[in-house]
Every structure is written in structure tokens, then in C-alpha cells.
>>> print(open('my_file-v6.txt').read())   # compact mmCIF, C-alpha atoms
# COMPACT_ATOMS: atom_id res chain seq x y z
CA MET A 1 13.07 25.99 -1.97
CA PRO A 2 10.80 28.83 -3.09
CA GLU A 3 9.26 28.04 -6.45
CA ASP A 4 10.50 31.30 -7.96
CA LEU A 5 14.19 30.76 -6.99
CA ARG A 6 16.98 28.91 -8.80
CA ILE A 7 20.55 28.58 -7.52
CA TYR A 8 23.55 27.73 -9.70
CA ALA A 9 26.50 26.51 -7.57
CA ILE A 10 29.81 26.23 -9.44
CA GLY A 11 32.82 24.22 -8.33
CA ASP A 12 36.55 24.98 -8.33
CA VAL A 13 37.72 26.73 -11.52
CA HIS A 14 41.52 26.83 -10.94
CA GLY A 15 42.56 29.06 -13.80
CA ARG A 16 40.40 27.38 -16.46
CA ALA A 17 38.87 30.51 -17.98
CA ASP A 18 37.93 28.51 -21.07
CA LEU A 19 35.70 26.16 -19.07
CA LEU A 20 34.30 29.01 -17.00
CA GLY A 21 33.34 30.95 -20.12
CA SER A 22 31.55 27.90 -21.51
CA LEU A 23 29.73 27.28 -18.23
CA VAL A 24 28.63 30.91 -17.90
CA ALA A 25 27.22 30.70 -21.44
CA ALA A 26 25.47 27.42 -20.55
CA ILE A 27 23.85 29.02 -17.50
CA GLU A 28 22.60 31.89 -19.62
CA ALA A 29 21.19 29.40 -22.16
CA ASP A 30 19.53 27.47 -19.34
CA LEU A 31 17.83 30.65 -18.13
CA ARG A 32 16.58 31.44 -21.61
CA ALA A 33 15.16 27.93 -21.91
CA TYR A 34 13.71 27.86 -18.38
CA PRO A 35 13.08 31.43 -17.19
CA ILE A 36 12.59 32.04 -13.48
CA GLU A 37 12.12 35.15 -11.37
CA GLN A 38 15.01 34.89 -8.89
CA VAL A 39 18.48 33.66 -9.83
CA VAL A 40 21.58 33.34 -7.63
CA GLU A 41 24.95 32.10 -8.88
CA VAL A 42 27.27 30.88 -6.12
CA TYR A 43 30.94 30.24 -6.93
CA LEU A 44 32.62 28.02 -4.34
CA GLY A 45 36.17 29.41 -4.47
CA ASP A 46 39.57 28.39 -5.87
CA TYR A 47 39.49 30.57 -8.96
CA VAL A 48 43.28 30.90 -9.25
CA ASP A 49 46.38 28.65 -9.47
CA ARG A 50 47.22 25.48 -11.40
CA GLY A 51 45.42 26.41 -14.63
CA SER A 52 46.98 28.85 -17.06
CA ASP A 53 44.44 31.69 -17.08
CA SER A 54 43.71 32.85 -13.55
CA ARG A 55 43.72 36.49 -14.61
CA ASN A 56 40.85 36.02 -17.05
CA VAL A 57 38.92 33.92 -14.54
CA LEU A 58 38.91 36.86 -12.13
CA ASP A 59 37.96 39.24 -14.93
CA ILE A 60 34.95 37.05 -15.79
CA LEU A 61 33.81 36.78 -12.18
CA ARG A 62 34.25 40.48 -11.46
CA THR A 63 31.98 41.58 -14.29
CA GLY A 64 28.92 39.98 -12.71
CA PRO A 65 26.21 38.00 -14.48
CA ARG A 66 24.50 39.16 -17.67
CA HIS A 67 21.12 38.15 -16.29
CA ARG A 68 19.37 40.22 -13.62
CA GLY A 69 20.21 37.80 -10.82
CA GLN A 70 22.86 37.85 -8.11
CA ARG A 71 26.40 36.46 -8.21
CA VAL A 72 28.03 35.39 -4.94
CA CYS A 73 31.73 34.53 -5.03
CA LEU A 74 33.20 32.75 -2.02
CA LYS A 75 36.82 32.56 -0.94
CA GLY A 76 38.83 29.37 -1.38
CA ASN A 77 42.13 28.41 0.18
CA HIS A 78 43.97 29.35 -3.03
CA GLU A 79 42.66 32.92 -2.87
CA ALA A 80 43.81 32.97 0.75
CA MET A 81 47.33 31.90 -0.27
CA LEU A 82 47.53 34.56 -2.99
CA LEU A 83 46.49 37.26 -0.52
CA ALA A 84 48.94 35.91 2.06
CA PHE A 85 51.76 36.33 -0.47
CA LEU A 86 50.71 39.92 -1.12
CA ASP A 87 50.80 40.60 2.62
CA ASN A 88 53.91 38.57 3.39
CA PRO A 89 56.20 37.38 0.56
CA ALA A 90 57.78 34.85 2.94
CA THR A 91 54.70 32.65 2.41
CA PHE A 92 55.66 32.10 -1.23
CA SER A 93 56.93 28.53 -0.80
CA MET A 94 53.51 27.32 0.33
CA TRP A 95 51.71 29.12 -2.50
CA ARG A 96 54.23 27.75 -5.02
CA ARG A 97 53.58 24.17 -3.85
CA HIS A 98 49.88 24.69 -4.52
CA GLY A 99 50.20 26.04 -8.06
CA GLY A 100 50.96 29.72 -7.51
CA LEU A 101 53.52 29.87 -10.31
CA ALA A 102 50.74 29.44 -12.87
CA THR A 103 48.96 32.48 -11.44
CA LEU A 104 52.11 34.60 -11.56
CA ALA A 105 52.62 33.59 -15.20
CA SER A 106 49.04 34.52 -16.08
CA TYR A 107 49.80 38.10 -14.96
CA GLY A 108 53.01 38.20 -16.98
CA VAL A 109 55.30 38.05 -13.96
CA PRO A 110 58.76 36.67 -14.83
CA LEU A 111 59.09 33.37 -13.02
CA PRO A 112 62.11 32.83 -10.74
CA GLN A 113 64.89 30.73 -12.22
CA ASP A 114 65.12 28.88 -8.93
CA PRO A 115 61.59 28.71 -7.45
CA ASP A 116 62.96 27.16 -4.25
CA PHE A 117 65.12 30.19 -3.50
CA PRO A 118 63.64 33.15 -5.38
CA ASP A 119 64.40 36.81 -4.82
CA LEU A 120 61.24 37.35 -2.80
CA GLY A 121 61.59 41.11 -2.78
CA GLN A 122 61.75 41.35 -6.56
CA LEU A 123 59.09 38.69 -7.06
CA SER A 124 56.72 40.47 -4.70
CA LYS A 125 57.32 43.81 -6.41
CA SER A 126 56.77 42.32 -9.88
CA PHE A 127 53.50 40.76 -8.80
CA ARG A 128 52.37 43.92 -7.03
CA ASP A 129 53.04 45.92 -10.20
CA ALA A 130 51.15 43.43 -12.38
CA PHE A 131 48.22 42.62 -10.09
CA PRO A 132 45.33 45.06 -10.68
CA SER A 133 43.93 46.78 -7.62
CA THR A 134 40.46 45.77 -8.80
CA HIS A 135 41.46 42.11 -8.59
CA GLU A 136 42.94 42.56 -5.12
CA GLN A 137 39.81 44.35 -3.89
CA PHE A 138 37.63 41.62 -5.35
CA LEU A 139 39.58 38.90 -3.50
CA ARG A 140 39.72 40.79 -0.21
CA ASN A 141 35.94 41.25 -0.25
CA LEU A 142 35.12 37.56 -0.71
CA ALA A 143 32.98 35.97 1.99
CA PHE A 144 33.77 32.44 3.18
CA MET A 145 30.17 31.24 3.62
CA HIS A 146 26.73 31.89 2.15
CA GLN A 147 23.41 30.51 3.36
CA LEU A 148 20.25 30.44 1.27
CA ALA A 149 17.02 28.44 1.14
CA GLY A 150 18.14 25.59 3.40
CA TYR A 151 21.61 25.30 1.85
CA THR A 152 25.00 26.38 3.19
CA PHE A 153 27.62 27.16 0.54
CA VAL A 154 31.27 27.02 1.51
CA HIS A 155 34.56 26.16 -0.16
CA ALA A 156 35.90 23.17 1.78
CA GLY A 157 33.27 22.23 4.36
CA LEU A 158 32.25 22.71 7.98
CA ARG A 159 33.61 21.29 11.20
CA PRO A 160 31.25 18.72 12.73
CA GLY A 161 30.12 19.57 16.24
CA THR A 162 30.49 23.32 15.67
CA ALA A 163 27.45 25.49 15.01
CA THR A 164 27.31 26.86 11.49
CA ASP A 165 27.47 30.47 12.69
CA ALA A 166 30.56 29.63 14.79
CA GLN A 167 32.63 28.09 11.97
CA THR A 168 36.09 29.57 11.43
CA GLU A 169 37.38 30.81 8.08
CA GLN A 170 40.34 28.44 8.40
CA ASP A 171 38.07 25.40 8.55
CA CYS A 172 35.73 26.65 5.84
CA LEU A 173 38.69 27.07 3.47
CA TRP A 174 40.86 24.08 4.37
CA ILE A 175 38.98 21.30 6.19
CA ARG A 176 38.93 17.91 4.53
CA ASP A 177 38.85 14.53 6.35
CA ALA A 178 37.14 15.78 9.52
CA PHE A 179 34.27 16.94 7.32
CA LEU A 180 34.28 14.37 4.52
CA LYS A 181 34.54 11.28 6.68
CA ARG A 182 31.60 12.09 8.98
CA SER A 183 27.93 12.18 8.07
CA PHE A 184 26.87 15.13 10.21
CA ASP A 185 23.63 17.09 10.05
CA PHE A 186 24.36 20.83 10.17
CA GLY A 187 20.68 21.71 9.83
CA SER A 188 21.14 22.51 6.13
CA ILE A 189 22.62 20.82 3.08
CA VAL A 190 26.29 21.84 2.69
CA VAL A 191 27.37 22.49 -0.90
CA HIS A 192 31.16 22.56 -1.23
CA GLY A 193 34.20 22.03 -3.42
CA HIS A 194 37.90 21.70 -2.47
CA SER A 195 38.12 17.88 -2.67
CA PRO A 196 38.04 16.75 -6.33
CA VAL A 197 35.74 13.90 -7.34
CA PRO A 198 35.05 12.45 -10.82
CA THR A 199 31.42 13.59 -10.86
CA VAL A 200 29.22 15.68 -8.58
CA GLU A 201 28.56 13.62 -5.43
CA ARG A 202 25.45 13.77 -3.27
CA TYR A 203 25.30 12.56 0.33
CA PRO A 204 22.55 12.95 2.97
CA TYR A 205 23.96 16.22 4.34
CA ARG A 206 26.41 17.48 1.72
CA ILE A 207 27.00 17.79 -2.04
CA ASN A 208 30.50 18.01 -3.55
CA VAL A 209 30.67 20.06 -6.77
CA ASP A 210 34.45 20.03 -7.37
CA THR A 211 35.12 17.82 -10.40
CA GLY A 212 38.79 18.76 -10.75
CA ALA A 213 38.50 21.20 -13.65
CA PHE A 214 42.24 21.81 -13.93
CA ALA A 215 43.17 18.15 -14.30
CA THR A 216 40.01 16.69 -15.87
CA GLY A 217 38.76 19.51 -18.10
CA ARG A 218 35.41 19.06 -16.34
CA LEU A 219 33.79 22.05 -14.59
CA SER A 220 30.45 21.37 -12.92
CA CYS A 221 27.48 23.42 -11.78
CA LEU A 222 24.78 22.17 -9.41
CA VAL A 223 21.36 23.61 -10.25
CA ILE A 224 19.07 23.82 -7.21
CA GLU A 225 15.37 24.56 -7.66
CA ALA A 226 12.00 23.61 -6.21
CA THR A 227 11.54 20.80 -8.71
CA GLY A 228 14.80 19.10 -7.74
CA LEU A 229 18.50 19.10 -8.58
CA ARG A 230 20.26 19.13 -11.94
CA VAL A 231 23.88 19.30 -13.08
CA ILE A 232 25.32 21.35 -15.93
CA ARG A 233 28.85 20.25 -16.82
CA THR A 234 31.36 21.62 -19.28
CA GLU A 235 33.76 18.98 -20.56
CA GLY A 236 36.12 20.60 -23.01
CA ALA A 237 33.88 22.32 -25.55
CA ASP A 238 30.93 20.03 -24.77
CA ILE A 239 28.04 20.85 -22.44
CA HIS A 240 26.24 18.07 -20.58
CA TYR A 241 22.94 18.28 -18.70
CA GLU A 242 21.89 15.73 -16.09
CA VAL A 243 19.02 15.27 -13.66
CA PHE A 244 20.70 14.66 -10.33
>>> encode(input="my_file-v6.txt", output="C-alpha cells")
Amino acid sequence: MPEDLRIYAIGDVHGRADLLGSLVAAIEADLRAYPIEQVVEVYLGDYVDRGSDSRNVLDILRTGPRHRGQRVCLKGNHEAMLLAFLDNPATFSMWRRHGGLATLASYGVPLPQDPDFPDLGQLSKSFRDAFPSTHEQFLRNLAFMHQLAGYTFVHAGLRPGTATDAQTEQDCLWIRDAFLKRSFDFGSIVVHGHSPVPTVERYPYRINVDTGAFATGRLSCLVIEATGLRVIRTEGADIHYEVF
């Protein structure tokens, strides 16, 4: 790690705009307390679904950071499902099973009386009318991987035995056991979300930052800098700082 660089890697938000707002403020406070020349925020995907405020989550992320650093937002599998519904309403049942109804509600879309057999034409039109083009453009422009300073940032993980530059978007957004159950050296430390854990977990070749914000009220940020690793965690209205 260059001594003048700090990376903030944030786990799955899932519609919890309240926790995201608190964490963004905590990052800004951290930078005031410990200034540094280069700052990169990396968000690991899954901004929408399950929580009640997906719309405001996207609004927060789209505005960019208040500091002079860079913000990188990666795609998660939930963003992929939302975009799939926009492109093909017949995919609704899968999105619904993964919390898509909460996202529709956050945009003021009337929810189907029978979510198992909705009027897909009307539902698609209602969402299209309510979903801002700026939000759609933001989601369609998301990358699925970012590499920086010896770290690879991705939503779900990487497939062991496949070179990092040959990974597929499908695996980077959805992989679970094939990645989690093998200790595999990809030549960099993989920082990921997608698989909720009670607290940020560190292994020899990967770090999991998804602490299940929707269900636990706990949104975590891994701070990576030359002096080591730290964690900033919002838990309800409380902010916690830990050396990791």
C-alpha cells in the first residue's frame, strides 16, 4: 500500500439508506481526523432490495463523495436482477424472491395483489415510469471488479483456478461455496460481500465485509492503509471503530 493512499471498502447496503448515511458521515469524520492525500471509496454492490429505502441509497451513491477522492461502485447480483426485470419483465419471479418488492415500494410502485401472478405488463410499465433514467444509467455503468494496490474488489468472489482477468461477471456477482470453501491465492487479497457474516472476517486470501445490514442493522466498512486495516461499523445510530 502506498503511504499516501487510503481505501474504504463498504459492504452490502440492501436499501438501508439510514445506515449508509451514517457510514458516509463516519468516513468523512475519519478523513477530518486522519487526513491523507489519496482516498478511494469502493462499494461492493447490492444497494437495492430487502430494505425499505433503495431509492435513497442510489441517490446517495450517485452524488459522489464530498471529499476530493474517488468513489467506485461495483455491481451486485441484486442490481443485475433489477436490470434484468427492466429488460425482461418475465424475470420478475426471481427478483421478487430476492426482495425486489421492497425496491418497487421505495419508488412508489403499487405492489401486485398477487405477487405470484402479477400483471407483468402493468408492473413493468409502472416501474419504468417511476424509475429515474439517472438511476438506470448509474446501474448500467457499474463495473463488476476493481483492482487497486494489491487488492481485488468484487461483490461475491472469484472462481478458484481462473485467472483474475478471465473471471466472468456471473461468477463475480453470484459465486458462493466454490469461492468461500477454498483457500486460494489469486495473487491479491479479495475483498467481497454477498455472503453475510456477523462481523468482518479476514482470511489469508480474502476479507468478507458483508455484515447483513438489512437484517442486523450493521453496515461495515473496511479501511485499508499502509499502517494496517481498520473497521468502521454503523450499528443503528452508533458508530464503532476497530483495529482489524
>>> closest_atom_pairs(input="my_file-v6.txt", of="range 32-78 of chain A", to="range 224-240 of chain A", cutoff="12 Å", atoms="all atoms listed in the file", output="CSV")
residue,atom,partner,partner_atom,distance
A:Tyr34,CA,A:Glu225,CA,11.3
A:Pro35,CA,A:Glu225,CA,12.0
A:Ile36,CA,A:Glu225,CA,9.9
A:Glu37,CA,A:Glu225,CA,11.7
A:Gln38,CA,A:Glu225,CA,10.4
A:Val39,CA,A:Glu225,CA,9.9
A:Val40,CA,A:Ile224,CA,9.9
A:Glu41,CA,A:Ile224,CA,10.3
A:Val42,CA,A:Ile224,CA,10.9
>>> atom_distance(input="my_file-v6.txt", atom1="CA of Arg202 in chain A", atom2="CA of Ala29 in chain A")
24.9 Å
>>> closest_residue(input="my_file-v6.txt", among="A:Glu242, A:Gln170, A:His67, A:Gly217", to="Arg32 in chain A", atoms="only C-alpha atoms")
A:His67
>>> atom_distance(input="my_file-v6.txt", atom1="CA of Leu222 in chain A", atom2="CA of Ile7 in chain A")
7.9 Å
>>> closest_residue(input="my_file-v6.txt", among="A:Ile60, A:Cys172, A:Val109, A:Met1", to="Asp18 in chain A", atoms="all atoms listed in the file")
A:Ile60
>>> atom_distance(input="my_file-v6.txt", atom1="CA of Phe153 in chain A", atom2="CA of Glu3 in chain A")
19.7 Å
>>> closest_residue(input="my_file-v6.txt", among="A:Gln167, A:Thr162, A:Asn141, A:Thr211", to="Pro196 in chain A", atoms="all atoms listed in the file")
A:Thr211
>>> closest_residue(input="my_file-v6.txt", among="A:Gln147, A:Ser106, A:Gln113, A:Thr216", to="Leu19 in chain A", atoms="all atoms listed in the file")
A:Thr216
>>> closest_residue(input="my_file-v6.txt", among="A:Leu5, A:Ser52, A:Arg159, A:Leu44", to="Gln70 in chain A", atoms="only C-alpha atoms")
A:Leu5
>>> closest_residue(input="my_file-v6.txt", among="A:Val154, A:Leu86, A:Val197, A:Ala163", to="Ala130 in chain A", atoms="all atoms listed in the file")
A:Leu86
>>> residues_near_point(input="my_file-v6.txt", point="(31.1, 17.7, 9.6)", cutoff="6 Å", atoms="only C-alpha atoms", output="number ranges by chain")
A: 158-160, 179, 182, 184
>>> residues_around(input="my_file-v6.txt", residues="Leu61 in chain A", least_positions_apart="4", cutoff="12 Å", atoms="all atoms listed in the file", output="PDB file with C-alpha atoms, in the frame of the given file")
ATOM      1  CA  ILE A  10      29.810  26.230  -9.440  1.00  0.00           C
ATOM      2  CA  VAL A  13      37.720  26.730 -11.520  1.00  0.00           C
ATOM      3  CA  GLY A  15      42.560  29.060 -13.800  1.00  0.00           C
ATOM      4  CA  ALA A  17      38.870  30.510 -17.980  1.00  0.00           C
ATOM      5  CA  LEU A  20      34.300  29.010 -17.000  1.00  0.00           C
ATOM      6  CA  GLY A  21      33.340  30.950 -20.120  1.00  0.00           C
ATOM      7  CA  LEU A  23      29.730  27.280 -18.230  1.00  0.00           C
ATOM      8  CA  VAL A  24      28.630  30.910 -17.900  1.00  0.00           C
ATOM      9  CA  GLU A  41      24.950  32.100  -8.880  1.00  0.00           C
ATOM     10  CA  VAL A  42      27.270  30.880  -6.120  1.00  0.00           C
ATOM     11  CA  TYR A  43      30.940  30.240  -6.930  1.00  0.00           C
ATOM     12  CA  LEU A  44      32.620  28.020  -4.340  1.00  0.00           C
ATOM     13  CA  GLY A  45      36.170  29.410  -4.470  1.00  0.00           C
ATOM     14  CA  ASP A  46      39.570  28.390  -5.870  1.00  0.00           C
ATOM     15  CA  TYR A  47      39.490  30.570  -8.960  1.00  0.00           C
ATOM     16  CA  VAL A  48      43.280  30.900  -9.250  1.00  0.00           C
ATOM     17  CA  SER A  54      43.710  32.850 -13.550  1.00  0.00           C
ATOM     18  CA  ARG A  55      43.720  36.490 -14.610  1.00  0.00           C
ATOM     19  CA  ASN A  56      40.850  36.020 -17.050  1.00  0.00           C
ATOM     20  CA  VAL A  57      38.920  33.920 -14.540  1.00  0.00           C
ATOM     21  CA  PRO A  65      26.210  38.000 -14.480  1.00  0.00           C
ATOM     22  CA  ARG A  66      24.500  39.160 -17.670  1.00  0.00           C
ATOM     23  CA  GLN A  70      22.860  37.850  -8.110  1.00  0.00           C
ATOM     24  CA  ARG A  71      26.400  36.460  -8.210  1.00  0.00           C
ATOM     25  CA  VAL A  72      28.030  35.390  -4.940  1.00  0.00           C
ATOM     26  CA  CYS A  73      31.730  34.530  -5.030  1.00  0.00           C
ATOM     27  CA  LEU A  74      33.200  32.750  -2.020  1.00  0.00           C
ATOM     28  CA  THR A 134      40.460  45.770  -8.800  1.00  0.00           C
ATOM     29  CA  HIS A 135      41.460  42.110  -8.590  1.00  0.00           C
ATOM     30  CA  PHE A 138      37.630  41.620  -5.350  1.00  0.00           C
ATOM     31  CA  LEU A 139      39.580  38.900  -3.500  1.00  0.00           C
ATOM     32  CA  LEU A 142      35.120  37.560  -0.710  1.00  0.00           C
TER      33      LEU A 142
END
